[in-house]
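What follows is a set of notes on a single structure, which appears directly below.
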Amino acid sequence: MHPIIYLNKSMVEAAKARVAPVSSAMLYGRGVFTTVAIYNSHPFLWPDHWQRLSDHAGRLGISCAGLSEKDVGLALHKLISVNRVNTGRARVVLLARSSRHVWQVSPPGPRKTDLLIMTGELQKLPPAGVSLAVSPFRLNTFSPLTGIKSLNYLDHVLSWEEAHARDFDEAVMLNERGEVVSATMANIFWVREGTIHTPALSTGALAGITRGAVIKLAREHFIPLIEGVYEMADLTDADEIFLSSGSLGLAIVTTFDFRTYSVAAGSVAAVLRDAFLSLTSQ
């Protein structure tokens, strides 16, 4: 993480930043965020990120009054410039100050939502490729937070930490019905006999911005892609597996639960990885 962050129209040192301790965000996790990749000092697909961020905020009752794609985008650009980020990532967070709950400040104060932006380096990929396990934890599709990138992210973090404790880089998450959903912090794709497969949003998968870019690239390269409902057996039969996220970009899996995969030139995953790299270099 870089030393300077943006908080409510001010650039401050991260170690000295302060937010309201009694707020809906701090007490209940009422907040949303998005992770934006930065390439050539430019936030990648920012309009798409803002559209999802504001939509998720609305679904959780978080006010976006006084915030817009343009204004938040300008703040993001300023922070990228201050921290001199050429290639990296940014996290844009909306923190709810108040809502209808038991503990709240009276009077609530003029600000309904805190805007927090931070930047950092892109997540480094292992030279040998990503290793993937299966998480023992399940995602609950009955939760009202399903499909929302909210601050209630500890289940994903704990799943990620559990995988790392077993020396894996990531882990496949299933829902309560045993359907493949995603990796802990990335969307998942796999290839079988030349066709790409990825979990449908109905499984609880997040509508990732990078996921959408990969789907678009597959169509542009006339590679068949199916969004569906799959079980673990479908994934274990894969010829190739890859992940996508704002932090990873497009990352090819070379080990899955002790199965190994080679990255062949001209393979579907390699073609899409190269196409994605070309897209981000523009």
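Lettering and numbering for the structure tokens are positional, with chains as A, B, ... in the shown order, residues counted from 1 in each chain, and ligands counted from 1 in the shown order.
Excluding A:Tyr39 itself and same-chain residues fewer than 3 positions from it, the residues having an atom within 8 Å of it are A:His42, A:Pro43, A:Phe44, A:Asn86, A:Thr87, A:Gly88, A:Thr280, A:Ser281, counting only C-alpha atoms.
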Tell me which protein, DNA and RNA residues are within 10 Å of A:Gly73, counting only C-alpha atoms, leaving out same-chain ones fewer than 4 positions away, and put them as a PDB file with N, CA and C atoms, in the first residue's frame.
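Result file is around.pdb:
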```
ATOM      1  N   PRO A  43      -6.743   4.451 -14.508  1.00  0.00           N
ATOM      2  CA  PRO A  43      -7.595   3.431 -13.898  1.00  0.00           C
ATOM      3  C   PRO A  43      -8.363   2.656 -14.974  1.00  0.00           C
ATOM      4  N   TRP A  46     -12.648   2.351 -15.451  1.00  0.00           N
ATOM      5  CA  TRP A  46     -13.233   3.071 -14.327  1.00  0.00           C
ATOM      6  C   TRP A  46     -14.744   3.272 -14.448  1.00  0.00           C
ATOM      7  N   PRO A  47     -15.315   3.660 -15.593  1.00  0.00           N
ATOM      8  CA  PRO A  47     -16.773   3.835 -15.648  1.00  0.00           C
ATOM      9  C   PRO A  47     -17.538   2.570 -15.243  1.00  0.00           C
ATOM     10  N   TRP A  50     -17.337   2.269 -11.434  1.00  0.00           N
ATOM     11  CA  TRP A  50     -18.223   3.198 -10.735  1.00  0.00           C
ATOM     12  C   TRP A  50     -19.685   2.755 -10.845  1.00  0.00           C
ATOM     13  N   LEU A  67     -21.498  12.481  -4.809  1.00  0.00           N
ATOM     14  CA  LEU A  67     -20.456  11.677  -5.436  1.00  0.00           C
ATOM     15  C   LEU A  67     -20.889  11.324  -6.855  1.00  0.00           C
ATOM     16  N   SER A  68     -19.977  11.360  -7.779  1.00  0.00           N
ATOM     17  CA  SER A  68     -20.284  11.031  -9.160  1.00  0.00           C
ATOM     18  C   SER A  68     -19.098  10.315  -9.781  1.00  0.00           C
ATOM     19  N   GLU A  69     -19.343   9.659 -10.896  1.00  0.00           N
ATOM     20  CA  GLU A  69     -18.259   8.983 -11.615  1.00  0.00           C
ATOM     21  C   GLU A  69     -17.135   9.956 -11.942  1.00  0.00           C
ATOM     22  N   HIS A  77      -7.573   9.868 -10.042  1.00  0.00           N
ATOM     23  CA  HIS A  77      -6.456  10.290 -10.892  1.00  0.00           C
ATOM     24  C   HIS A  77      -5.438  11.115 -10.094  1.00  0.00           C
ATOM     25  N   LYS A  78      -5.930  11.986  -9.221  1.00  0.00           N
ATOM     26  CA  LYS A  78      -5.027  12.811  -8.407  1.00  0.00           C
ATOM     27  C   LYS A  78      -4.177  11.943  -7.482  1.00  0.00           C
ATOM     28  N   LEU A  79      -4.800  10.952  -6.868  1.00  0.00           N
ATOM     29  CA  LEU A  79      -4.054  10.076  -5.963  1.00  0.00           C
ATOM     30  C   LEU A  79      -3.028   9.249  -6.733  1.00  0.00           C
ATOM     31  N   VAL A  92     -11.272   1.711  -4.058  1.00  0.00           N
ATOM     32  CA  VAL A  92     -12.196   2.823  -3.830  1.00  0.00           C
ATOM     33  C   VAL A  92     -13.304   2.316  -2.911  1.00  0.00           C
TER      34      VAL A  92
END
```
* Name the residues of stretch 80-239 of chain A that come out as helix (DSSP H, G or I) in a backbone DSSP run; write them as an MDAnalysis selection string. => chainID A and resid 80:82 154:165 201:203 209:220 232:236
* **Backbone-only DSSP, strand (DSSP E) members of stretch 3-220 of chain A, as a ChimeraX atom specification** => /A:4-7,10-13,31-39,42-43,88-96,113-120,130-139,170-175,180-183,187-192,195-199
Keeping only C-alpha atoms, write the selected residues as a compact mmCIF listing (two decimals), in the first residue's frame.
```txt
# COMPACT_ATOMS: atom_id res chain seq x y z
CA ILE A 4 -0.77 8.69 0.79
CA ILE A 5 -4.51 8.04 0.65
CA TYR A 6 -7.52 10.14 -0.33
CA LEU A 7 -10.17 10.69 2.34
CA SER A 10 -8.11 15.50 1.29
CA MET A 11 -4.79 13.76 0.65
CA VAL A 12 -3.50 12.41 3.96
CA GLU A 13 -0.85 10.04 5.22
CA GLY A 31 -19.79 -0.22 3.03
CA VAL A 32 -18.84 -1.22 -0.50
CA PHE A 33 -15.60 -1.18 -2.44
CA THR A 34 -14.06 -1.92 -5.79
CA THR A 35 -10.49 -2.75 -6.78
CA VAL A 36 -9.38 -0.95 -9.93
CA ALA A 37 -6.31 -1.97 -11.91
CA ILE A 38 -3.98 0.87 -12.94
CA TYR A 39 -2.12 0.62 -16.24
CA HIS A 42 -4.82 5.20 -15.86
CA PRO A 43 -7.59 3.43 -13.90
CA GLY A 88 -0.73 -0.94 -9.77
CA ARG A 89 -4.18 -1.04 -8.26
CA ALA A 90 -6.53 1.22 -6.37
CA ARG A 91 -9.24 0.45 -3.86
CA VAL A 92 -12.20 2.82 -3.83
CA VAL A 93 -14.38 2.51 -0.73
CA LEU A 94 -17.72 4.03 0.28
CA LEU A 95 -18.27 3.97 4.06
CA ALA A 96 -21.78 4.61 5.37
CA THR A 113 -20.83 8.68 3.35
CA ASP A 114 -17.04 8.72 3.62
CA LEU A 115 -15.03 8.30 0.41
CA LEU A 116 -11.72 6.49 0.86
CA ILE A 117 -9.24 5.75 -1.94
CA MET A 118 -5.89 3.99 -1.60
CA THR A 119 -3.35 2.67 -4.08
CA GLY A 120 -0.81 -0.13 -4.07
CA VAL A 130 -1.06 -19.96 -9.76
CA SER A 131 -1.72 -22.95 -7.51
CA LEU A 132 -5.36 -23.62 -6.66
CA ALA A 133 -6.96 -25.62 -3.85
CA VAL A 134 -10.58 -26.23 -2.81
CA SER A 135 -11.85 -24.18 0.12
CA PRO A 136 -13.58 -26.08 2.94
CA PHE A 137 -15.89 -23.08 3.46
CA ARG A 138 -19.14 -22.54 1.55
CA LEU A 139 -20.71 -19.37 0.16
CA GLU A 170 -5.96 -19.40 -4.20
CA ALA A 171 -8.93 -21.68 -3.56
CA VAL A 172 -12.15 -22.60 -5.33
CA MET A 173 -15.28 -21.65 -3.40
CA LEU A 174 -18.52 -23.62 -3.65
CA ASN A 175 -21.98 -22.53 -2.54
CA VAL A 180 -18.65 -23.81 -8.28
CA VAL A 181 -18.78 -20.05 -7.58
CA SER A 182 -15.34 -18.48 -7.89
CA ALA A 183 -11.91 -18.32 -6.30
CA ASN A 187 -13.55 -15.04 -10.85
CA ILE A 188 -12.77 -18.43 -12.32
CA PHE A 189 -12.80 -19.76 -15.88
CA TRP A 190 -11.85 -23.11 -17.33
CA VAL A 191 -11.55 -24.62 -20.78
CA ARG A 192 -12.85 -27.99 -21.90
CA THR A 195 -15.00 -24.06 -24.92
CA ILE A 196 -14.63 -21.67 -21.98
CA HIS A 197 -16.88 -22.20 -18.96
CA THR A 198 -17.49 -19.84 -16.04
CA PRO A 199 -20.06 -19.90 -13.20
```
* Asked: Could you work out how far atom CA of A:Met185 lies from atom CA of A:Ile226, giving the answer in Å with one decimal?
  ->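 Atom CA of A:Met185 lies 21.1 Å from atom CA of A:Ile226.
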* **Nearest to A:Arg59 by atom-to-atom distance, counting only C-alpha atoms, from A:Gly147, A:Ile80, A:Met1, A:Leu122** =>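 Closest to A:Arg59 of all the choices is A:Gly147.
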